[in-house]
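J.: I'm passing along upload.pdb; it holds PDB, N, CA and C atoms.
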```pdb
MODEL        1
ATOM      1  N   MET A  25     -26.739 -12.861 -16.809
ATOM      2  CA  MET A  25     -27.248 -14.104 -17.329
ATOM      3  C   MET A  25     -28.596 -14.396 -16.676
ATOM      4  N   ARG A  26     -29.548 -14.820 -17.463
ATOM      5  CA  ARG A  26     -30.876 -15.160 -16.955
ATOM      6  C   ARG A  26     -30.937 -16.671 -16.745
ATOM      7  N   TYR A  27     -31.598 -17.078 -15.658
ATOM      8  CA  TYR A  27     -31.731 -18.491 -15.348
ATOM      9  C   TYR A  27     -33.199 -18.868 -15.294
ATOM     10  N   LYS A  28     -33.501 -20.043 -15.823
ATOM     11  CA  LYS A  28     -34.855 -20.575 -15.692
ATOM     12  C   LYS A  28     -34.981 -21.116 -14.273
ATOM     13  N   ILE A  29     -36.019 -20.704 -13.588
ATOM     14  CA  ILE A  29     -36.203 -21.085 -12.191
ATOM     15  C   ILE A  29     -37.280 -22.163 -12.093
ATOM     16  N   GLU A  30     -36.989 -23.191 -11.312
ATOM     17  CA  GLU A  30     -37.976 -24.237 -11.066
ATOM     18  C   GLU A  30     -39.120 -23.668 -10.242
ATOM     19  N   SER A  31     -40.324 -24.091 -10.547
ATOM     20  CA  SER A  31     -41.464 -23.618  -9.754
ATOM     21  C   SER A  31     -41.876 -24.703  -8.763
ATOM     22  N   ILE A  32     -41.030 -24.904  -7.779
ATOM     23  CA  ILE A  32     -41.283 -25.892  -6.738
ATOM     24  C   ILE A  32     -41.944 -25.175  -5.570
ATOM     25  N   ALA A  33     -42.968 -25.785  -5.043
ATOM     26  CA  ALA A  33     -43.660 -25.188  -3.895
ATOM     27  C   ALA A  33     -42.719 -25.119  -2.694
ATOM     28  N   CYS A  34     -42.984 -24.166  -1.840
ATOM     29  CA  CYS A  34     -42.233 -24.057  -0.590
ATOM     30  C   CYS A  34     -42.416 -25.351   0.192
ATOM     31  N   HIS A  35     -41.349 -25.833   0.772
ATOM     32  CA  HIS A  35     -41.415 -27.111   1.479
ATOM     33  C   HIS A  35     -40.293 -27.214   2.504
ATOM     34  N   THR A  36     -40.476 -28.099   3.468
ATOM     35  CA  THR A  36     -39.409 -28.428   4.400
ATOM     36  C   THR A  36     -38.397 -29.257   3.621
ATOM     37  N   MET A  37     -37.172 -28.797   3.603
ATOM     38  CA  MET A  37     -36.153 -29.443   2.786
ATOM     39  C   MET A  37     -35.702 -30.765   3.403
ATOM     40  N   ASN A  38     -35.326 -31.676   2.532
ATOM     41  CA  ASN A  38     -34.857 -32.994   2.953
ATOM     42  C   ASN A  38     -33.344 -32.997   3.097
ATOM     43  N   GLU A  39     -32.848 -33.843   3.977
ATOM     44  CA  GLU A  39     -31.414 -34.022   4.168
ATOM     45  C   GLU A  39     -30.766 -34.354   2.823
ATOM     46  N   GLY A  40     -29.751 -33.607   2.447
ATOM     47  CA  GLY A  40     -29.026 -33.861   1.211
ATOM     48  C   GLY A  40     -29.673 -33.286  -0.045
ATOM     49  N   GLU A  41     -30.830 -32.682   0.091
ATOM     50  CA  GLU A  41     -31.524 -32.105  -1.064
ATOM     51  C   GLU A  41     -30.709 -30.956  -1.660
ATOM     52  N   VAL A  42     -30.757 -30.853  -2.982
ATOM     53  CA  VAL A  42     -30.105 -29.742  -3.667
ATOM     54  C   VAL A  42     -31.193 -28.838  -4.226
ATOM     55  N   LEU A  43     -31.229 -27.625  -3.728
ATOM     56  CA  LEU A  43     -32.186 -26.634  -4.204
ATOM     57  C   LEU A  43     -31.640 -26.021  -5.492
ATOM     58  N   ASN A  44     -32.493 -25.893  -6.497
ATOM     59  CA  ASN A  44     -32.117 -25.416  -7.836
ATOM     60  C   ASN A  44     -31.078 -26.334  -8.475
ATOM     61  N   SER A  45     -31.299 -27.621  -8.349
ATOM     62  CA  SER A  45     -30.357 -28.619  -8.869
ATOM     63  C   SER A  45     -30.180 -28.531 -10.377
ATOM     64  N   HIS A  46     -31.136 -27.971 -11.077
ATOM     65  CA  HIS A  46     -31.059 -27.868 -12.540
ATOM     66  C   HIS A  46     -30.051 -26.820 -13.012
ATOM     67  N   LEU A  47     -29.585 -25.965 -12.123
ATOM     68  CA  LEU A  47     -28.626 -24.916 -12.498
ATOM     69  C   LEU A  47     -27.201 -25.461 -12.413
ATOM     70  N   LYS A  48     -26.893 -26.415 -13.265
ATOM     71  CA  LYS A  48     -25.632 -27.166 -13.197
ATOM     72  C   LYS A  48     -24.393 -26.307 -13.447
ATOM     73  N   ASP A  49     -24.544 -25.166 -14.118
ATOM     74  CA  ASP A  49     -23.375 -24.339 -14.404
ATOM     75  C   ASP A  49     -22.950 -23.470 -13.221
ATOM     76  N   LEU A  50     -23.752 -23.470 -12.147
ATOM     77  CA  LEU A  50     -23.413 -22.703 -10.955
ATOM     78  C   LEU A  50     -22.709 -23.576  -9.928
ATOM     79  N   SER A  51     -21.805 -22.972  -9.139
ATOM     80  CA  SER A  51     -21.157 -23.747  -8.083
ATOM     81  C   SER A  51     -22.177 -24.193  -7.049
ATOM     82  N   LEU A  52     -21.869 -25.291  -6.435
ATOM     83  CA  LEU A  52     -22.745 -25.873  -5.420
ATOM     84  C   LEU A  52     -22.291 -25.408  -4.043
ATOM     85  N   HIS A  53     -23.183 -24.715  -3.345
ATOM     86  CA  HIS A  53     -22.901 -24.260  -1.980
ATOM     87  C   HIS A  53     -23.393 -25.328  -1.001
ATOM     88  N   GLU A  54     -22.669 -25.486   0.087
ATOM     89  CA  GLU A  54     -23.027 -26.450   1.131
ATOM     90  C   GLU A  54     -23.613 -25.692   2.317
ATOM     91  N   ALA A  55     -24.800 -26.100   2.736
ATOM     92  CA  ALA A  55     -25.474 -25.447   3.861
ATOM     93  C   ALA A  55     -25.824 -26.490   4.916
ATOM     94  N   THR A  56     -25.548 -26.158   6.168
ATOM     95  CA  THR A  56     -25.940 -27.012   7.286
ATOM     96  C   THR A  56     -26.707 -26.149   8.275
ATOM     97  N   LEU A  57     -27.866 -26.647   8.646
ATOM     98  CA  LEU A  57     -28.709 -25.936   9.594
ATOM     99  C   LEU A  57     -28.624 -26.645  10.940
ATOM    100  N   TYR A  58     -28.121 -25.929  11.950
ATOM    101  CA  TYR A  58     -27.986 -26.445  13.306
ATOM    102  C   TYR A  58     -29.183 -26.003  14.132
ATOM    103  N   GLY A  59     -29.670 -26.898  14.986
ATOM    104  CA  GLY A  59     -30.746 -26.540  15.893
ATOM    105  C   GLY A  59     -31.676 -27.714  16.152
ATOM    106  N   ASP A  60     -32.787 -27.422  16.856
ATOM    107  CA  ASP A  60     -33.736 -28.496  17.144
ATOM    108  C   ASP A  60     -34.595 -28.771  15.910
ATOM    109  N   LYS A  61     -35.272 -29.911  15.927
ATOM    110  CA  LYS A  61     -35.998 -30.358  14.736
ATOM    111  C   LYS A  61     -37.137 -29.432  14.332
ATOM    112  N   ILE A  62     -37.832 -28.860  15.283
ATOM    113  CA  ILE A  62     -38.980 -27.999  14.953
ATOM    114  C   ILE A  62     -38.509 -26.693  14.329
ATOM    115  N   LEU A  63     -37.552 -26.015  14.965
ATOM    116  CA  LEU A  63     -37.078 -24.732  14.437
ATOM    117  C   LEU A  63     -36.330 -24.888  13.116
ATOM    118  N   THR A  64     -35.560 -25.956  12.964
ATOM    119  CA  THR A  64     -34.851 -26.153  11.703
ATOM    120  C   THR A  64     -35.827 -26.473  10.576
ATOM    121  N   ALA A  65     -36.903 -27.181  10.866
ATOM    122  CA  ALA A  65     -37.918 -27.455   9.842
ATOM    123  C   ALA A  65     -38.575 -26.152   9.388
ATOM    124  N   LYS A  66     -38.913 -25.286  10.334
ATOM    125  CA  LYS A  66     -39.508 -23.993   9.985
ATOM    126  C   LYS A  66     -38.533 -23.160   9.146
ATOM    127  N   PHE A  67     -37.276 -23.127   9.579
ATOM    128  CA  PHE A  67     -36.276 -22.355   8.861
ATOM    129  C   PHE A  67     -36.080 -22.902   7.443
ATOM    130  N   SER A  68     -36.008 -24.216   7.300
ATOM    131  CA  SER A  68     -35.750 -24.785   5.975
ATOM    132  C   SER A  68     -36.899 -24.506   5.011
ATOM    133  N   LYS A  69     -38.121 -24.469   5.522
ATOM    134  CA  LYS A  69     -39.259 -24.135   4.659
ATOM    135  C   LYS A  69     -39.159 -22.672   4.215
ATOM    136  N   ARG A  70     -38.813 -21.787   5.124
ATOM    137  CA  ARG A  70     -38.617 -20.380   4.759
ATOM    138  C   ARG A  70     -37.489 -20.239   3.739
ATOM    139  N   LEU A  71     -36.423 -21.002   3.954
ATOM    140  CA  LEU A  71     -35.287 -20.972   3.044
ATOM    141  C   LEU A  71     -35.694 -21.408   1.641
ATOM    142  N   SER A  72     -36.440 -22.491   1.533
ATOM    143  CA  SER A  72     -36.852 -22.974   0.210
ATOM    144  C   SER A  72     -37.717 -21.945  -0.502
ATOM    145  N   CYS A  73     -38.564 -21.247   0.234
ATOM    146  CA  CYS A  73     -39.410 -20.195  -0.357
ATOM    147  C   CYS A  73     -38.577 -18.979  -0.755
ATOM    148  N   ALA A  74     -37.643 -18.632   0.088
ATOM    149  CA  ALA A  74     -36.926 -17.361  -0.051
ATOM    150  C   ALA A  74     -35.890 -17.360  -1.164
ATOM    151  N   ILE A  75     -35.305 -18.503  -1.474
ATOM    152  CA  ILE A  75     -34.196 -18.472  -2.437
ATOM    153  C   ILE A  75     -34.437 -19.288  -3.696
ATOM    154  N   LYS A  76     -35.585 -19.909  -3.837
ATOM    155  CA  LYS A  76     -35.801 -20.762  -5.016
ATOM    156  C   LYS A  76     -35.735 -19.979  -6.320
ATOM    157  N   HIS A  77     -35.957 -18.675  -6.287
ATOM    158  CA  HIS A  77     -35.930 -17.844  -7.493
ATOM    159  C   HIS A  77     -34.543 -17.278  -7.797
ATOM    160  N   LEU A  78     -33.575 -17.531  -6.931
ATOM    161  CA  LEU A  78     -32.243 -16.955  -7.098
ATOM    162  C   LEU A  78     -31.318 -17.892  -7.873
ATOM    163  N   PRO A  79     -30.311 -17.328  -8.543
ATOM    164  CA  PRO A  79     -29.341 -18.156  -9.258
ATOM    165  C   PRO A  79     -28.292 -18.721  -8.290
ATOM    166  N   ILE A  80     -28.706 -19.728  -7.537
ATOM    167  CA  ILE A  80     -27.811 -20.371  -6.572
ATOM    168  C   ILE A  80     -28.214 -21.837  -6.439
ATOM    169  N   ARG A  81     -27.208 -22.692  -6.348
ATOM    170  CA  ARG A  81     -27.452 -24.106  -6.045
ATOM    171  C   ARG A  81     -26.981 -24.340  -4.624
ATOM    172  N   LEU A  82     -27.804 -25.053  -3.861
ATOM    173  CA  LEU A  82     -27.541 -25.214  -2.436
ATOM    174  C   LEU A  82     -27.860 -26.639  -2.008
ATOM    175  N   ARG A  83     -26.846 -27.355  -1.496
ATOM    176  CA  ARG A  83     -27.069 -28.691  -0.915
ATOM    177  C   ARG A  83     -27.292 -28.493   0.572
ATOM    178  N   PHE A  84     -28.341 -29.127   1.075
ATOM    179  CA  PHE A  84     -28.847 -28.846   2.404
ATOM    180  C   PHE A  84     -28.651 -30.018   3.358
ATOM    181  N   HIS A  85     -28.197 -29.709   4.576
ATOM    182  CA  HIS A  85     -28.014 -30.720   5.625
ATOM    183  C   HIS A  85     -28.553 -30.188   6.951
ATOM    184  N   TYR A  86     -28.906 -31.108   7.819
ATOM    185  CA  TYR A  86     -29.334 -30.779   9.183
ATOM    186  C   TYR A  86     -28.309 -31.317  10.166
ATOM    187  N   ASN A  87     -28.131 -30.621  11.293
ATOM    188  CA  ASN A  87     -27.354 -31.142  12.403
ATOM    189  C   ASN A  87     -28.097 -30.772  13.683
ATOM    190  N   TYR A  88     -28.610 -31.783  14.374
ATOM    191  CA  TYR A  88     -29.397 -31.566  15.587
ATOM    192  C   TYR A  88     -28.572 -31.700  16.863
ATOM    193  N   SER A  89     -27.262 -31.896  16.727
ATOM    194  CA  SER A  89     -26.401 -32.150  17.879
ATOM    195  C   SER A  89     -26.050 -30.852  18.611
ATOM    196  N   THR A  90     -26.467 -30.766  19.856
ATOM    197  CA  THR A  90     -26.119 -29.616  20.693
ATOM    198  C   THR A  90     -24.612 -29.552  20.900
ATOM    199  N   GLN A  91     -23.987 -30.703  21.083
ATOM    200  CA  GLN A  91     -22.533 -30.731  21.287
ATOM    201  C   GLN A  91     -21.789 -30.191  20.072
ATOM    202  N   ASP A  92     -22.228 -30.574  18.875
ATOM    203  CA  ASP A  92     -21.586 -30.059  17.660
ATOM    204  C   ASP A  92     -21.754 -28.545  17.560
ATOM    205  N   ALA A  93     -22.940 -28.058  17.900
ATOM    206  CA  ALA A  93     -23.197 -26.612  17.853
ATOM    207  C   ALA A  93     -22.296 -25.868  18.838
ATOM    208  N   ILE A  94     -22.160 -26.402  20.033
ATOM    209  CA  ILE A  94     -21.304 -25.783  21.049
ATOM    210  C   ILE A  94     -19.851 -25.770  20.583
ATOM    211  N   LYS A  95     -19.378 -26.878  20.000
ATOM    212  CA  LYS A  95     -18.003 -26.956  19.499
ATOM    213  C   LYS A  95     -17.741 -25.897  18.435
ATOM    214  N   ARG A  96     -18.749 -25.582  17.630
ATOM    215  CA  ARG A  96     -18.613 -24.564  16.573
ATOM    216  C   ARG A  96     -18.789 -23.152  17.108
ATOM    217  N   GLY A  97     -19.213 -23.028  18.383
ATOM    218  CA  GLY A  97     -19.411 -21.719  18.977
ATOM    219  C   GLY A  97     -20.733 -21.073  18.599
ATOM    220  N   LEU A  98     -21.716 -21.892  18.229
ATOM    221  CA  LEU A  98     -23.015 -21.362  17.823
ATOM    222  C   LEU A  98     -23.849 -21.044  19.055
ATOM    223  N   ALA A  99     -24.445 -19.864  19.066
ATOM    224  CA  ALA A  99     -25.190 -19.415  20.238
ATOM    225  C   ALA A  99     -26.688 -19.340  19.997
ATOM    226  N   LYS A 100     -27.119 -19.290  18.743
ATOM    227  CA  LYS A 100     -28.550 -19.141  18.459
ATOM    228  C   LYS A 100     -29.089 -20.375  17.771
ATOM    229  N   ASP A 101     -30.361 -20.622  18.002
ATOM    230  CA  ASP A 101     -31.036 -21.795  17.465
ATOM    231  C   ASP A 101     -32.223 -21.313  16.642
ATOM    232  N   PRO A 102     -32.272 -21.593  15.377
ATOM    233  CA  PRO A 102     -31.306 -22.310  14.540
ATOM    234  C   PRO A 102     -30.223 -21.377  13.991
ATOM    235  N   THR A 103     -29.159 -21.998  13.475
ATOM    236  CA  THR A 103     -28.088 -21.258  12.807
ATOM    237  C   THR A 103     -27.791 -21.951  11.483
ATOM    238  N   LEU A 104     -27.701 -21.147  10.419
ATOM    239  CA  LEU A 104     -27.361 -21.666   9.096
ATOM    240  C   LEU A 104     -25.887 -21.413   8.833
ATOM    241  N   ILE A 105     -25.164 -22.496   8.593
ATOM    242  CA  ILE A 105     -23.766 -22.441   8.198
ATOM    243  C   ILE A 105     -23.734 -22.616   6.681
ATOM    244  N   LEU A 106     -23.122 -21.679   6.000
ATOM    245  CA  LEU A 106     -23.010 -21.751   4.546
ATOM    246  C   LEU A 106     -21.541 -21.788   4.171
ATOM    247  N   ASP A 107     -21.171 -22.835   3.449
ATOM    248  CA  ASP A 107     -19.773 -23.006   3.035
ATOM    249  C   ASP A 107     -18.822 -22.842   4.220
ATOM    250  N   ASP A 108     -19.198 -23.459   5.326
ATOM    251  CA  ASP A 108     -18.396 -23.554   6.548
ATOM    252  C   ASP A 108     -18.257 -22.241   7.319
ATOM    253  N   LYS A 109     -19.157 -21.267   7.065
ATOM    254  CA  LYS A 109     -19.156 -20.008   7.818
ATOM    255  C   LYS A 109     -20.572 -19.721   8.316
ATOM    256  N   ILE A 110     -20.662 -19.089   9.484
ATOM    257  CA  ILE A 110     -21.981 -18.690   9.989
ATOM    258  C   ILE A 110     -22.572 -17.694   9.009
ATOM    259  N   PHE A 111     -23.804 -17.981   8.535
ATOM    260  CA  PHE A 111     -24.445 -17.129   7.536
ATOM    261  C   PHE A 111     -25.677 -16.419   8.093
ATOM    262  N   LEU A 112     -26.542 -17.157   8.787
ATOM    263  CA  LEU A 112     -27.735 -16.580   9.410
ATOM    264  C   LEU A 112     -27.949 -17.218  10.774
ATOM    265  N   GLU A 113     -28.372 -16.407  11.739
ATOM    266  CA  GLU A 113     -28.610 -16.906  13.089
ATOM    267  C   GLU A 113     -30.021 -16.578  13.534
ATOM    268  N   GLY A 114     -30.662 -17.536  14.176
ATOM    269  CA  GLY A 114     -32.014 -17.351  14.684
ATOM    270  C   GLY A 114     -33.063 -17.668  13.626
ATOM    271  N   LEU A 115     -34.306 -17.680  14.048
ATOM    272  CA  LEU A 115     -35.422 -17.989  13.142
ATOM    273  C   LEU A 115     -35.815 -16.693  12.426
ATOM    274  N   VAL A 116     -35.023 -16.334  11.426
ATOM    275  CA  VAL A 116     -35.219 -15.081  10.702
ATOM    276  C   VAL A 116     -36.345 -15.226   9.680
ATOM    277  N   SER A 117     -36.861 -14.097   9.235
ATOM    278  CA  SER A 117     -37.961 -14.087   8.264
ATOM    279  C   SER A 117     -37.463 -14.483   6.877
ATOM    280  N   ALA A 118     -38.402 -14.885   6.027
ATOM    281  CA  ALA A 118     -38.067 -15.216   4.640
ATOM    282  C   ALA A 118     -37.459 -14.008   3.937
ATOM    283  N   GLU A 119     -37.936 -12.824   4.267
ATOM    284  CA  GLU A 119     -37.411 -11.601   3.652
ATOM    285  C   GLU A 119     -35.935 -11.397   4.004
ATOM    286  N   GLU A 120     -35.579 -11.666   5.259
ATOM    287  CA  GLU A 120     -34.182 -11.535   5.680
ATOM    288  C   GLU A 120     -33.309 -12.579   4.988
ATOM    289  N   ILE A 121     -33.847 -13.783   4.819
ATOM    290  CA  ILE A 121     -33.110 -14.838   4.118
ATOM    291  C   ILE A 121     -32.868 -14.415   2.674
ATOM    292  N   THR A 122     -33.916 -13.924   2.009
ATOM    293  CA  THR A 122     -33.790 -13.484   0.623
ATOM    294  C   THR A 122     -32.745 -12.382   0.497
ATOM    295  N   LYS A 123     -32.798 -11.414   1.394
ATOM    296  CA  LYS A 123     -31.848 -10.298   1.361
ATOM    297  C   LYS A 123     -30.410 -10.797   1.499
ATOM    298  N   ALA A 124     -30.173 -11.696   2.445
ATOM    299  CA  ALA A 124     -28.822 -12.224   2.673
ATOM    300  C   ALA A 124     -28.307 -12.970   1.446
ATOM    301  N   PHE A 125     -29.165 -13.785   0.826
ATOM    302  CA  PHE A 125     -28.735 -14.525  -0.360
ATOM    303  C   PHE A 125     -28.632 -13.626  -1.584
ATOM    304  N   ASN A 126     -29.476 -12.607  -1.699
ATOM    305  CA  ASN A 126     -29.326 -11.619  -2.777
ATOM    306  C   ASN A 126     -27.942 -10.994  -2.699
ATOM    307  N   ASN A 127     -27.538 -10.614  -1.499
ATOM    308  CA  ASN A 127     -26.219 -10.016  -1.310
ATOM    309  C   ASN A 127     -25.108 -10.997  -1.660
ATOM    310  N   LEU A 128     -25.302 -12.255  -1.325
ATOM    311  CA  LEU A 128     -24.297 -13.279  -1.607
ATOM    312  C   LEU A 128     -24.077 -13.446  -3.106
ATOM    313  N   VAL A 129     -25.162 -13.485  -3.868
ATOM    314  CA  VAL A 129     -25.040 -13.753  -5.310
ATOM    315  C   VAL A 129     -25.090 -12.468  -6.140
ATOM    316  N   ASN A 130     -25.118 -11.307  -5.455
ATOM    317  CA  ASN A 130     -25.202 -10.017  -6.147
ATOM    318  C   ASN A 130     -26.355  -9.965  -7.125
ATOM    319  N   TYR A 131     -27.486 -10.469  -6.697
ATOM    320  CA  TYR A 131     -28.697 -10.503  -7.520
ATOM    321  C   TYR A 131     -29.484  -9.237  -7.243
ATOM    322  N   PRO A 132     -29.893  -8.499  -8.267
ATOM    323  CA  PRO A 132     -30.600  -7.237  -8.026
ATOM    324  C   PRO A 132     -31.969  -7.449  -7.389
ATOM    325  N   THR A 133     -32.276  -6.633  -6.420
ATOM    326  CA  THR A 133     -33.602  -6.658  -5.828
ATOM    327  C   THR A 133     -34.538  -5.821  -6.688
ATOM    328  N   ALA A 134     -35.817  -5.860  -6.417
ATOM    329  CA  ALA A 134     -36.801  -5.120  -7.200
ATOM    330  C   ALA A 134     -36.477  -3.631  -7.239
ATOM    331  N   LYS A 135     -35.944  -3.095  -6.147
ATOM    332  CA  LYS A 135     -35.605  -1.665  -6.082
ATOM    333  C   LYS A 135     -34.409  -1.320  -6.950
ATOM    334  N   GLN A 136     -33.526  -2.303  -7.203
ATOM    335  CA  GLN A 136     -32.321  -2.051  -7.976
ATOM    336  C   GLN A 136     -32.540  -2.203  -9.479
ATOM    337  N   VAL A 137     -33.621  -2.848  -9.890
ATOM    338  CA  VAL A 137     -33.864  -3.127 -11.307
ATOM    339  C   VAL A 137     -34.396  -1.898 -12.002
TER     340      VAL A 137
ENDMDL
END
```
Output the file's structure as structure tokens, nothing else.

T.:
Amino acid sequence: MRYKIESIACHTMNEGEVLNSHLKDLSLHEATLYGDKILTAKFSKRLSCAIKHLPIRLRFHYNYSTQDAIKRGLAKDPTLILDDKIFLEGLVSAEEITKAFNNLVNYPTAKQV
């Protein structure tokens, strides 16, 4: 199935924002980014750039609490929790984010097409 993709510029995502909100027929994934404000802002901007072209809807949240991160057993800053599971750790590149989400949604990469 082909999806029309919004052409939204890369940006630091807002609390509660839904990326690709127009793709109503897709399930909504919940993402929470743990870490300090500077690193999570950088990560969220990379995330918005890396997955805006993919067939995925993602509601985004921030958690800056060190205590909450420790309770969850998170060791790296920042860490992306997707649907209540650790998905990405550390300030990874946009390419790594794209690869991880491609694998999640089984979306073909340029080499596979």

J.: If you run DSSP on the backbone here, which positions in chain A get strand (DSSP E or B)? Please write them as a ChimeraX atom specification.

T.: /A:42-43,52-58,81-87,103-106,109-113

J.: Which residue out of A:Ile75, A:Leu63, A:Met37, A:Leu43 has the minimum interatomic distance to A:Leu115 when all atoms listed in the file are used?

T.: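 Checking each of A:Ile75, A:Leu63, A:Met37, A:Leu43 against A:Leu115, counting all atoms listed in the file, the winner is A:Leu63.
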
J.: Select, counting only N, CA and C atoms, all protein, DNA and RNA residues no farther than 8 Å from (-29.2, -17.9, 11.7) in file coordinates, and express the selection as number ranges by chain.

T.: A: 100-105, 110-116

J.: One decimal, Å: what's the distance from atom CA of A:Asn44 over to atom CA of A:Phe125, could you say?

T.: 13.6 Å

J.: Would you compute the distance between atom N of A:Ala65 and atom C of A:Leu78? Give it in Å to one decimal.

T.: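 So the two atoms, atom N of A:Ala65 and atom C of A:Leu78, lie 21.6 Å apart.
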
J.: Distance atom CA of A:Thr36-atom CA of A:Asn127, one decimal place?

T.: 23.4 Å

J.: Have a look at A:Ser51, A:Thr56, A:Ser45, A:Thr90 and name the one nearest to A:Leu71; count only C-alpha atoms.

T.: A:Thr56

J.: List the spatial neighbours of A:Val42 as JSON, numbers by chain - criterion: any atom at most 6 Å away, all atoms listed in the file, same-chain residues fewer than 5 positions off excluded.

T.: {"A": [82, 83, 84]}

J.: DSSP on the backbone, helix (DSSP H, G or I) only: what residues of chain A does that give? Format it as JSON, numbers by chain.

T.: {"A": [61, 62, 63, 64, 65, 66, 67, 68, 69, 70, 71, 72, 73, 74, 75, 90, 91, 92, 93, 94, 95, 96, 118, 119, 120, 121, 122, 123, 124, 125, 126, 127, 128, 129]}

J.: Residues picked by the PyMOL selection byres ((chain A and resi 35) around 7) here, as a list in words?

T.: Ile32, Ala33, Cys34, Thr36, Met37, Asn38, Ser68, Lys69, Arg70, Ser72 and Cys73 of chain A
